[in-house]
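Chemist: run_0.cif is the file, holding mmCIF, C-alpha atoms:
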```
data_entry
#
loop_
_atom_site.label_atom_id
_atom_site.label_comp_id
_atom_site.auth_asym_id
_atom_site.auth_seq_id
_atom_site.Cartn_x
_atom_site.Cartn_y
_atom_site.Cartn_z
CA MET A 20 98.27 -105.48 267.09
CA ASN A 21 96.42 -107.11 269.98
CA GLN A 22 99.74 -107.80 271.69
CA TYR A 23 100.73 -104.12 271.30
CA ILE A 24 97.45 -102.92 272.84
CA PHE A 25 97.86 -105.45 275.63
CA LYS A 26 101.37 -104.15 276.41
CA ILE A 27 100.22 -100.49 276.46
CA THR A 28 97.28 -101.36 278.71
CA SER A 29 99.55 -103.29 281.03
CA ILE A 30 101.98 -100.35 281.29
CA ILE A 31 99.15 -97.90 282.09
CA THR A 32 97.70 -100.28 284.69
CA LEU A 33 101.12 -100.73 286.27
CA CYS A 34 101.63 -96.95 286.44
CA LEU A 35 98.25 -96.46 288.06
CA PHE A 36 99.09 -99.16 290.58
CA LEU A 37 102.55 -97.80 291.40
CA PHE A 38 101.62 -94.10 291.24
CA PRO A 39 97.93 -93.87 292.15
CA ASN A 40 98.06 -90.13 292.92
CA MET A 41 99.91 -89.06 289.79
CA ILE A 42 96.93 -88.25 287.56
CA SER A 43 94.78 -86.59 290.22
CA ALA A 44 97.67 -84.47 291.51
CA THR A 45 98.63 -83.36 288.02
CA SER A 46 95.08 -82.38 287.09
CA GLU A 47 94.67 -80.51 290.38
CA ASN A 48 97.91 -78.56 289.91
CA ASN A 49 96.93 -77.66 286.35
CA GLU A 50 93.36 -76.78 287.26
CA LEU A 51 94.05 -73.06 287.00
CA GLN A 52 96.21 -71.86 284.14
CA LEU A 53 97.47 -68.58 285.58
CA ASN A 54 99.93 -66.14 284.05
CA SER A 55 100.75 -63.96 287.04
CA GLU A 56 103.99 -64.71 288.86
CA ALA A 57 102.30 -64.89 292.26
CA VAL A 58 98.64 -65.23 293.23
CA ILE A 59 96.48 -66.03 296.20
CA LEU A 60 92.77 -66.54 296.86
CA ILE A 61 91.54 -66.33 300.45
CA ASP A 62 88.23 -66.38 302.26
CA ALA A 63 87.71 -62.81 303.48
CA GLN A 64 86.02 -63.88 306.72
CA SER A 65 88.25 -66.67 308.01
CA GLY A 66 91.45 -65.86 306.12
CA GLN A 67 91.67 -69.45 304.85
CA VAL A 68 93.85 -69.86 301.80
CA LEU A 69 91.83 -71.51 299.03
CA TYR A 70 94.40 -71.30 296.25
CA GLU A 71 97.94 -69.99 295.98
CA LYS A 72 100.91 -69.85 293.67
CA ASN A 73 104.22 -68.40 294.88
CA SER A 74 102.21 -66.48 297.48
CA ASP A 75 105.24 -65.97 299.76
CA GLU A 76 107.52 -64.59 297.03
CA LYS A 77 108.61 -61.00 297.70
CA LEU A 78 107.70 -58.76 294.77
CA PRO A 79 107.13 -55.04 294.13
CA PRO A 80 103.41 -54.22 294.51
CA ALA A 81 103.12 -50.91 292.64
CA SER A 82 99.94 -48.94 293.46
CA ILE A 83 98.18 -51.65 295.46
CA THR A 84 100.42 -50.25 298.21
CA LYS A 85 97.72 -47.59 298.54
CA ILE A 86 95.36 -50.11 300.13
CA ALA A 87 97.70 -50.16 303.13
CA THR A 88 98.19 -46.38 303.09
CA ALA A 89 94.43 -45.81 303.01
CA ILE A 90 93.55 -48.03 305.98
CA TYR A 91 96.48 -46.58 307.94
CA ALA A 92 95.24 -43.03 307.28
CA ILE A 93 91.65 -43.95 308.17
CA GLU A 94 92.67 -45.51 311.47
CA LYS A 95 95.44 -43.13 312.53
CA GLY A 96 94.19 -39.81 311.16
CA ASN A 97 91.26 -37.48 311.78
CA LEU A 98 89.16 -37.62 308.63
CA ASN A 99 87.94 -34.06 309.18
CA ASP A 100 91.46 -32.64 309.32
CA ILE A 101 92.26 -30.05 306.66
CA VAL A 102 95.58 -30.90 305.02
CA SER A 103 97.77 -28.13 303.65
CA ILE A 104 99.42 -29.44 300.49
CA SER A 105 103.20 -29.04 300.37
CA GLU A 106 105.38 -28.22 297.40
CA ASN A 107 106.94 -31.66 297.81
CA ALA A 108 103.59 -33.40 297.39
CA THR A 109 102.91 -31.60 294.10
CA LYS A 110 106.19 -32.94 292.69
CA ALA A 111 105.12 -36.59 292.99
CA GLU A 112 105.53 -38.57 289.78
CA GLY A 113 103.06 -40.88 288.06
CA THR A 114 99.27 -40.80 288.42
CA LEU A 115 98.02 -37.65 290.16
CA VAL A 116 94.94 -35.80 291.35
CA TYR A 117 96.83 -32.59 290.52
CA LEU A 118 97.06 -31.00 293.94
CA GLU A 119 98.42 -27.45 294.18
CA ALA A 120 100.93 -26.19 296.75
CA GLY A 121 99.05 -24.47 299.57
CA GLU A 122 95.72 -26.10 298.62
CA GLN A 123 93.59 -27.05 301.63
CA VAL A 124 92.06 -30.52 301.29
CA PRO A 125 90.18 -32.67 303.86
CA LEU A 126 92.03 -35.87 304.77
CA LYS A 127 89.04 -38.00 303.74
CA LYS A 128 89.08 -36.47 300.25
CA LEU A 129 92.79 -37.25 299.90
CA ILE A 130 92.12 -40.88 300.81
CA GLN A 131 89.41 -41.00 298.14
CA GLY A 132 91.78 -39.52 295.55
CA LEU A 133 94.44 -42.01 296.64
CA LEU A 134 92.29 -45.14 296.24
CA ILE A 135 89.91 -44.23 293.42
CA ASN A 136 92.23 -42.28 291.11
CA SER A 137 95.52 -43.69 292.48
CA GLY A 138 96.87 -40.20 293.16
CA ASN A 139 100.54 -40.36 294.15
CA ASP A 140 100.47 -36.70 295.19
CA ALA A 141 97.60 -37.51 297.56
CA GLY A 142 99.73 -40.29 299.05
CA VAL A 143 102.64 -37.92 299.77
CA ALA A 144 100.27 -35.32 301.25
CA ILE A 145 98.73 -37.97 303.56
CA ALA A 146 102.16 -39.18 304.67
CA GLU A 147 103.41 -35.67 305.47
CA HIS A 148 100.22 -34.81 307.33
CA LEU A 149 100.28 -37.94 309.51
CA SER A 150 104.00 -38.11 310.31
CA GLY A 151 105.55 -34.77 309.34
CA THR A 152 107.79 -36.23 306.65
CA VAL A 153 107.61 -39.14 304.22
CA GLU A 154 110.70 -40.63 305.90
CA GLN A 155 109.05 -40.69 309.32
CA PHE A 156 105.83 -41.96 307.77
CA VAL A 157 107.67 -44.98 306.36
CA ILE A 158 108.89 -45.89 309.86
CA ASP A 159 105.44 -45.46 311.41
CA PHE A 160 103.75 -47.21 308.47
CA ASN A 161 105.88 -50.36 308.56
CA GLN A 162 105.55 -50.63 312.32
CA TYR A 163 101.75 -50.47 311.96
CA LEU A 164 101.72 -53.14 309.25
CA GLN A 165 103.87 -55.51 311.27
CA GLU A 166 102.42 -54.98 314.75
CA GLU A 167 98.74 -54.26 314.09
CA ILE A 168 98.03 -56.21 310.90
CA GLY A 169 100.65 -58.89 311.40
CA VAL A 170 102.44 -59.04 308.05
CA GLU A 171 105.90 -60.60 308.06
CA ASP A 172 107.32 -60.20 304.55
CA THR A 173 106.36 -56.63 303.70
CA HIS A 174 108.50 -53.51 303.77
CA PHE A 175 107.31 -50.29 302.14
CA THR A 176 109.55 -47.31 301.39
CA ASN A 177 106.80 -44.89 300.32
CA PRO A 178 103.02 -44.40 300.59
CA HIS A 179 102.17 -44.84 296.90
CA GLY A 180 104.10 -47.77 295.41
CA LEU A 181 106.47 -46.09 292.98
CA TYR A 182 109.35 -48.48 292.41
CA ASN A 183 112.10 -48.88 294.94
CA PRO A 184 114.14 -52.10 295.12
CA GLU A 185 113.37 -52.34 298.85
CA HIS A 186 109.64 -51.69 298.44
CA LEU A 187 108.40 -55.29 298.55
CA THR A 188 105.48 -57.43 299.67
CA THR A 189 103.94 -60.83 298.97
CA ALA A 190 100.57 -61.91 297.63
CA GLU A 191 99.87 -63.47 301.03
CA ASP A 192 100.63 -60.23 302.90
CA MET A 193 98.55 -58.11 300.51
CA ALA A 194 95.60 -60.46 301.01
CA LYS A 195 96.04 -60.15 304.79
CA ILE A 196 96.23 -56.34 304.59
CA THR A 197 93.10 -56.22 302.44
CA GLN A 198 91.23 -58.62 304.71
CA TYR A 199 92.05 -56.31 307.62
CA ALA A 200 91.13 -53.16 305.69
CA ILE A 201 87.69 -54.26 304.48
CA GLN A 202 86.55 -54.67 308.06
CA ASN A 203 86.43 -50.88 308.11
CA GLU A 204 83.15 -49.47 306.75
CA LEU A 205 84.63 -46.30 305.24
CA PHE A 206 87.42 -48.24 303.54
CA ARG A 207 84.88 -50.63 302.01
CA GLU A 208 82.85 -47.69 300.73
CA ILE A 209 85.83 -46.05 299.01
CA PHE A 210 87.22 -49.40 297.81
CA ASP A 211 83.97 -50.00 295.91
CA THR A 212 83.40 -46.45 294.59
CA GLN A 213 82.98 -46.44 290.82
CA GLU A 214 83.23 -42.69 290.31
CA LEU A 215 83.46 -39.51 292.39
CA LYS A 216 83.07 -35.84 291.53
CA TRP A 217 86.34 -34.05 292.27
CA ASP A 218 86.50 -30.28 292.82
CA GLY A 219 90.13 -29.30 293.13
CA GLU A 220 91.75 -25.89 293.16
CA THR A 221 92.90 -26.25 289.56
CA TRP A 222 91.38 -29.61 288.53
CA ASP A 223 87.63 -30.22 288.42
CA THR A 224 86.65 -33.62 287.08
CA THR A 225 84.97 -36.91 287.87
CA LEU A 226 87.32 -39.53 289.23
CA ILE A 227 86.78 -42.91 287.58
CA ASN A 228 87.95 -46.02 289.42
CA HIS A 229 90.98 -47.45 287.61
CA HIS A 230 90.01 -51.03 288.53
CA LEU A 231 88.02 -52.26 285.51
CA MET A 232 85.98 -54.88 287.36
CA VAL A 233 84.90 -52.30 289.94
CA ARG A 234 84.21 -49.60 287.38
CA ASP A 235 82.22 -51.81 284.98
CA GLN A 236 80.86 -54.32 287.49
CA SER A 237 81.75 -56.88 284.84
CA TYR A 238 81.91 -59.75 287.32
CA GLU A 239 78.98 -60.68 289.53
CA GLY A 240 79.58 -59.88 293.17
CA ILE A 241 82.53 -57.47 292.92
CA THR A 242 82.79 -55.43 296.12
CA GLY A 243 86.01 -53.48 295.61
CA GLY A 244 89.49 -53.40 294.19
CA LYS A 245 92.76 -51.62 293.47
CA ASN A 246 95.10 -52.01 290.53
CA GLY A 247 98.73 -51.07 290.05
CA PHE A 248 101.49 -50.87 287.47
CA VAL A 249 105.09 -49.86 287.24
CA THR A 250 107.48 -51.40 284.74
CA GLU A 251 109.51 -53.26 287.40
CA ALA A 252 106.40 -54.67 289.13
CA GLY A 253 104.29 -55.52 286.10
CA PHE A 254 100.53 -55.38 286.53
CA THR A 255 99.22 -55.98 290.04
CA LEU A 256 95.64 -56.39 291.18
CA VAL A 257 93.71 -56.80 294.44
CA THR A 258 89.99 -57.54 294.21
CA SER A 259 87.19 -58.54 296.58
CA ALA A 260 83.92 -60.25 295.68
CA GLU A 261 80.98 -61.78 297.51
CA ARG A 262 78.20 -64.21 296.61
CA GLU A 263 75.76 -66.08 298.85
CA LYS A 264 77.72 -65.42 302.05
CA LEU A 265 81.06 -66.50 300.53
CA SER A 266 83.45 -63.52 300.53
CA LEU A 267 86.71 -63.79 298.60
CA ILE A 268 89.88 -61.74 298.14
CA ALA A 269 92.13 -62.35 295.12
CA VAL A 270 95.63 -60.94 294.68
CA THR A 271 97.73 -61.19 291.53
CA LEU A 272 101.31 -59.89 291.28
CA ASN A 273 103.53 -59.31 288.25
CA SER A 274 101.25 -60.06 285.34
CA LYS A 275 102.74 -59.25 281.96
CA THR A 276 99.63 -57.48 280.72
CA ASP A 277 96.65 -55.75 282.24
CA GLU A 278 94.36 -58.27 280.56
CA GLN A 279 96.19 -61.22 282.12
CA SER A 280 95.78 -59.81 285.63
CA TYR A 281 92.00 -59.61 285.16
CA GLN A 282 91.84 -63.04 283.54
CA ASP A 283 93.72 -64.57 286.48
CA THR A 284 91.46 -62.78 288.97
CA THR A 285 88.36 -64.04 287.16
CA ALA A 286 89.75 -67.59 287.13
CA LEU A 287 90.47 -67.41 290.87
CA PHE A 288 86.99 -66.15 291.69
CA ASN A 289 85.36 -68.78 289.47
CA TYR A 290 87.37 -71.46 291.23
CA GLY A 291 86.39 -70.14 294.64
CA PHE A 292 82.68 -69.70 294.04
CA GLN A 293 82.35 -73.03 292.20
CA HIS A 294 84.17 -75.15 294.78
CA PHE A 295 83.71 -73.67 298.27
CA GLU A 296 81.05 -72.64 300.74
CA THR A 297 81.05 -70.97 304.16
CA GLU A 298 80.05 -72.79 307.33
CA LYS A 299 79.60 -71.33 310.80
CA ILE A 300 79.72 -72.68 314.32
CA GLU A 301 77.64 -70.48 316.57
CA SER A 302 79.00 -69.03 319.80
CA ASN A 303 78.28 -71.03 322.99
CA GLU A 304 78.13 -74.32 321.07
CA GLN A 305 79.46 -77.18 323.21
CA PHE A 306 81.82 -80.07 322.40
CA VAL A 307 82.98 -83.08 324.44
CA ASP A 308 86.40 -84.69 324.07
CA ALA A 309 87.37 -88.35 324.49
CA TRP A 310 87.81 -87.87 328.24
CA LYS A 311 84.32 -86.38 328.69
CA ASN A 312 85.69 -82.88 329.21
CA LYS A 313 83.31 -80.19 327.95
CA TYR A 314 84.31 -77.19 325.86
CA GLU A 315 82.42 -74.21 324.46
CA THR A 316 82.94 -71.68 321.67
CA ASP A 317 83.20 -68.17 323.09
CA GLU A 318 82.51 -66.59 319.69
CA GLU A 319 81.27 -67.52 316.24
CA ILE A 320 83.72 -69.63 314.23
CA VAL A 321 83.66 -69.24 310.44
CA TYR A 322 85.35 -71.72 308.10
CA VAL A 323 85.23 -72.65 304.44
CA LYS A 324 84.85 -76.17 303.09
CA LYS A 325 84.32 -77.72 299.70
CA ILE A 326 80.71 -77.57 298.53
CA GLY A 327 78.83 -80.59 299.89
CA GLU A 328 81.83 -81.82 301.86
CA THR A 329 81.35 -83.61 305.18
CA VAL A 330 83.79 -82.43 307.83
CA GLU A 331 85.00 -83.99 311.08
CA LYS A 332 85.22 -82.00 314.31
CA ASP A 333 87.52 -83.30 317.03
CA ILE A 334 88.76 -81.84 320.30
CA LEU A 335 92.54 -82.11 320.74
CA PRO A 336 94.13 -82.71 324.17
CA THR A 337 95.13 -79.03 324.09
CA GLY A 338 91.47 -77.99 324.03
CA GLU A 339 91.58 -76.95 320.38
CA LEU A 340 88.74 -77.67 317.97
CA LEU A 341 90.16 -79.38 314.90
CA ILE A 342 88.04 -79.28 311.74
CA LYS A 343 89.18 -81.70 309.03
CA GLY A 344 87.96 -82.27 305.48
CA GLU A 345 87.19 -85.53 303.72
CA ASP A 346 90.76 -85.73 302.36
CA ASP A 347 92.07 -85.48 305.93
CA ARG A 348 93.29 -81.92 305.36
CA THR A 349 93.14 -79.49 308.26
CA ILE A 350 90.56 -76.80 307.56
CA LYS A 351 90.73 -74.88 310.83
CA GLN A 352 92.00 -75.08 314.40
CA GLU A 353 90.45 -72.94 317.12
CA MET A 354 91.07 -72.85 320.86
CA LEU A 355 87.91 -73.46 322.92
CA GLU A 356 87.01 -72.59 326.49
CA GLU A 357 86.79 -75.55 328.88
CA LEU A 358 83.66 -75.81 330.98
CA LYS A 359 83.78 -77.07 334.57
CA SER A 360 81.06 -79.70 334.89
CA ASN A 361 78.79 -80.02 337.97
CA ASP A 362 80.15 -83.50 338.62
CA LYS A 363 83.69 -82.16 338.79
CA ASN A 364 82.62 -79.34 341.07
CA GLU A 365 80.87 -81.75 343.38
CA GLN A 366 83.92 -83.99 343.46
CA LEU A 367 86.06 -80.99 344.28
CA LYS A 368 83.70 -79.92 347.05
CA SER A 369 83.68 -83.44 348.53
CA LYS A 370 87.45 -83.28 348.89
CA ILE A 371 87.35 -79.95 350.66
CA VAL A 372 84.21 -79.94 352.82
CA GLU A 373 84.46 -81.95 356.08
CA PRO A 374 81.54 -83.98 357.48
CA PRO A 375 79.41 -82.33 360.22
CA VAL A 376 80.78 -82.65 363.81
CA SER A 377 78.53 -84.27 366.45
CA GLU A 378 77.92 -82.88 369.97
CA GLU A 379 79.81 -85.84 371.52
CA GLN A 380 82.86 -85.02 369.40
CA ILE A 381 82.66 -81.40 370.49
CA ASN A 382 82.52 -82.42 374.22
CA ALA A 383 85.38 -84.85 373.71
CA GLU A 384 87.50 -82.09 372.16
CA LYS A 385 86.71 -79.82 375.17
CA HIS A 386 87.83 -82.55 377.60
CA LEU A 387 91.02 -83.03 375.61
CA HIS A 388 91.76 -79.33 375.83
CA ILE A 389 91.67 -79.68 379.66
CA LEU A 390 93.21 -83.10 380.11
CA VAL A 391 96.21 -82.69 377.84
CA PRO A 392 97.72 -79.67 379.65
CA PHE A 393 96.94 -81.31 383.03
CA ALA A 394 98.65 -84.53 381.97
CA ILE A 395 101.69 -82.59 380.81
CA PHE A 396 101.84 -80.78 384.17
CA ILE A 397 101.61 -84.04 386.16
CA SER A 398 104.30 -85.61 383.98
CA PHE A 399 106.55 -82.62 384.59
CA CYS A 400 106.03 -82.91 388.42
CA ILE A 401 106.74 -86.64 388.46
CA SER A 402 109.86 -86.10 386.41
CA GLY A 403 111.04 -83.44 388.90
CA ILE A 404 110.46 -85.68 391.93
CA PHE A 405 112.21 -88.56 390.19
CA TYR A 406 115.20 -86.34 389.45
CA LEU A 407 115.46 -85.14 393.08
CA GLN A 408 115.35 -88.73 394.37
CA ILE A 409 118.17 -89.71 392.09
CA ARG A 410 120.27 -86.79 393.35
CA LYS A 411 119.85 -88.02 396.94
CA ILE A 412 121.13 -91.40 395.98
#
```
Take the structure from the file and write it as structure tokens.

Modeler:
Amino acid sequence: MNQYIFKITSIITLCLFLFPNMISATSENNELQLNSEAVILIDAQSGQVLYEKNSDEKLPPASITKIATAIYAIEKGNLNDIVSISENATKAEGTLVYLEAGEQVPLKKLIQGLLINSGNDAGVAIAEHLSGTVEQFVIDFNQYLQEEIGVEDTHFTNPHGLYNPEHLTTAEDMAKITQYAIQNELFREIFDTQELKWDGETWDTTLINHHLMVRDQSYEGITGGKNGFVTEAGFTLVTSAEREKLSLIAVTLNSKTDEQSYQDTTALFNYGFQHFETEKIESNEQFVDAWKNKYETDEEIVYVKKIGETVEKDILPTGELLIKGEDDRTIKQEMLEELKSNDKNEQLKSKIVEPPVSEEQINAEKHLHILVPFAIFISFCISGIFYLQIRKI
């Protein structure tokens, strides 16, 4: 028996010696038991990725598409415009705010119906108002997402998220779109609206936010969200939350059930709030590199580190500030502005500015200005006489 225990202990010790990172890596990878096919958790201020799983996989987003449609409409449209609802918009399928053909609705109200009640008819009406047709809207919309927000793996074929095999995004892109959108005050207000009285031409009701965590405020710090579902996309969810200056955005794609999407979101937020904290470097803070060159931040730099973690800040030869964590991971890189020191300026001046000229040097230069031409003239005369004498010979 003792020999058996000794052998088992020896094997475990040998494994730990040969594979020292095996246990820690396994426990870290299994830290979050998530059911969604793709997820991501980012810091809303810096955009740092705090957790991800298949975050670059292209998947159908369903109605979380409307986050992108809403911020596009807010930025590109006139919120006071009165939109005339087309027959085409009233024929939209899925969740509706029951618009009537010919109904006159302010653009802002359509955006509210789009985000809060997930109205597909509102999405079509917005698209037609902004671009004339849904087809032209799709062109304008995708160009905006790529050029102004900077997504790379997203292509939308409609403004609402109804399934199309080419209507795809990634968890990473949806987090980036949401991070961009919540910088807008009106978007944040609608994104976090729990309910809204709706007076339509044929439908008077109170819109109730379809996102359970927003509607019920069942998680501390929730600041907004949008949910989605179509059979081909599964359940999708985008949620924002904030506690003690740490702002997070969680995205889950293709959950099998509505409950799983909320469970995964809760697990992501718990992980974020329990493990990370925000740090700031104020603008105009100075750093010196190994060659005594001075650099300065031209704006505030926000980054997220593990709670209680000590970070290292180094200046690279390129002039970038490199912030690294205790496990030598790169937390953030930011280009700084180089400062020209007084010593360098003085050295530069000393190479350019000549010493003062004395009166004797000035007089000498005047004499040279007279003597040099005279000497040239005399030399020319002597040369002429010499030449004539040679001719006589």

Chemist: Pick the closest to Gln52 (chain A) from A:Thr297, A:Thr285, A:Thr337, A:Gln305: which is it, counting all atoms listed in the file?

Modeler: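 Under the stated criterion, the closest residue is A:Thr285.
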
Chemist: Counting all atoms listed in the file, which of A:Ala63, A:Leu267, A:Ile395, A:Phe254 gets nearest to Gln279 (chain A)?

Modeler: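 Closest candidate: A:Phe254.
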
Chemist: Written as a ChimeraX atom specification, which residues does the PyMOL selection byres ((chain A and resi 105-119) around 9) give for the file shown?

Modeler: /A:103-104,120-124,129,132-133,136-144,147,181,217,219-222,226

Chemist: Given the file above and the PyMOL selection byres ((chain A and resi 312) around 10), which residues are selected, and can you give them as a ChimeraX atom specification?

Modeler: /A:306-311,313-314,334,336,338,357-360,363

Chemist: Would you output that residue set with C-alpha atoms, as a CSV table (one decimal), in the coordinates of the input?

Modeler:
```
chain,number,residue,atom,x,y,z
A,306,PHE,CA,81.8,-80.1,322.4
A,307,VAL,CA,83.0,-83.1,324.4
A,308,ASP,CA,86.4,-84.7,324.1
A,309,ALA,CA,87.4,-88.4,324.5
A,310,TRP,CA,87.8,-87.9,328.2
A,311,LYS,CA,84.3,-86.4,328.7
A,313,LYS,CA,83.3,-80.2,328.0
A,314,TYR,CA,84.3,-77.2,325.9
A,334,ILE,CA,88.8,-81.8,320.3
A,336,PRO,CA,94.1,-82.7,324.2
A,338,GLY,CA,91.5,-78.0,324.0
A,357,GLU,CA,86.8,-75.6,328.9
A,358,LEU,CA,83.7,-75.8,331.0
A,359,LYS,CA,83.8,-77.1,334.6
A,360,SER,CA,81.1,-79.7,334.9
A,363,LYS,CA,83.7,-82.2,338.8
```

Chemist: Just the number, please: distance in Å from CA of Gln282 (chain A) to CA of His230 (chain A), one decimal.

Modeler: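 Distance reported for this atom pair: 13.1 Å.
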
Chemist: Could you please determine the separation between CA of Ile158 (chain A) and CA of Val257 (chain A) in Å, to one decimal place?

Modeler: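 Value for the CA of Ile158 (chain A)-CA of Val257 (chain A) distance: 24.2 Å.
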
Chemist: Using CA of Thr329 (chain A) and CA of Leu341 (chain A) as the two end points, give the distance in Å to one decimal.

Modeler: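 Straight-line distance from CA of Thr329 (chain A) to CA of Leu341 (chain A) works out to 13.8 Å.
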
Chemist: Just the residues within 12 Å of Glu208 (chain A), please, counting only C-alpha atoms, with nothing from its chain fewer than 6 positions along; format it as an NGL selection string.

Modeler: :A and (89-90 or 127 or 130-131 or 134-135 or 200-202 or 214-215 or 233 or 242-244)

Chemist: Which residue, A:Asn303, A:Asn73, A:Ser55, A:Asn99, has the smallest gap to Lys275 (chain A) when you use all atoms listed in the file?

Modeler: A:Ser55

Chemist: Taking into account all atoms listed in the file, which residue in the set A:Leu69, A:Val270, A:Val249, A:Ala92 is nearest to Tyr322 (chain A)?

Modeler: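 For Tyr322 (chain A), the nearest of the candidates is A:Leu69.
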
Chemist: Kindly indicate which residue among A:Val321, A:Thr84, A:Gln352, A:Tyr290 lies nearest to Glu50 (chain A), using only C-alpha atoms for the distances.

Modeler: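 Result for the nearest residue to Glu50 (chain A): A:Tyr290.
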
Chemist: Apply the PyMOL selection byres ((chain A and resi 173) around 6) to the structure shown and report the selected residues as number ranges by chain.

Modeler: A: 171-172, 174, 187-188

Chemist: I'd like to know which of A:Glu353, A:Ser74, A:Thr271, A:Glu56 is closest to Leu335 (chain A), using all atoms listed in the file.

Modeler: A:Glu353

Chemist: Excluding same-chain residues fewer than 3 positions from Pro79 (chain A), what lies within 8 Å of it counting all atoms listed in the file, as a PDB file with C-alpha atoms, in the frame of the given file?

Modeler:
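The resulting around-v2.pdb:
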```
ATOM      1  CA  GLY A 180     104.100 -47.770 295.410  1.00  0.00           C
ATOM      2  CA  TYR A 182     109.350 -48.480 292.410  1.00  0.00           C
ATOM      3  CA  ASN A 183     112.100 -48.880 294.940  1.00  0.00           C
ATOM      4  CA  PRO A 184     114.140 -52.100 295.120  1.00  0.00           C
ATOM      5  CA  HIS A 186     109.640 -51.690 298.440  1.00  0.00           C
ATOM      6  CA  LEU A 187     108.400 -55.290 298.550  1.00  0.00           C
ATOM      7  CA  THR A 188     105.480 -57.430 299.670  1.00  0.00           C
ATOM      8  CA  GLU A 251     109.510 -53.260 287.400  1.00  0.00           C
ATOM      9  CA  ALA A 252     106.400 -54.670 289.130  1.00  0.00           C
TER      10      ALA A 252
END
```

Chemist: Excluding same-chain residues fewer than 6 positions from Ile268 (chain A), what lies within 8 Å of it counting only C-alpha atoms, as number ranges by chain?

Modeler: A: 60-63, 194, 197-198, 257-260

Chemist: Excluding Ala146 (chain A) and its own-chain neighbours fewer than 6 positions away, which residues fall within 7 Å of it when counting only C-alpha atoms? Please give them as a VMD selection string.

Modeler: chain A and resid 152 to 153 156 178
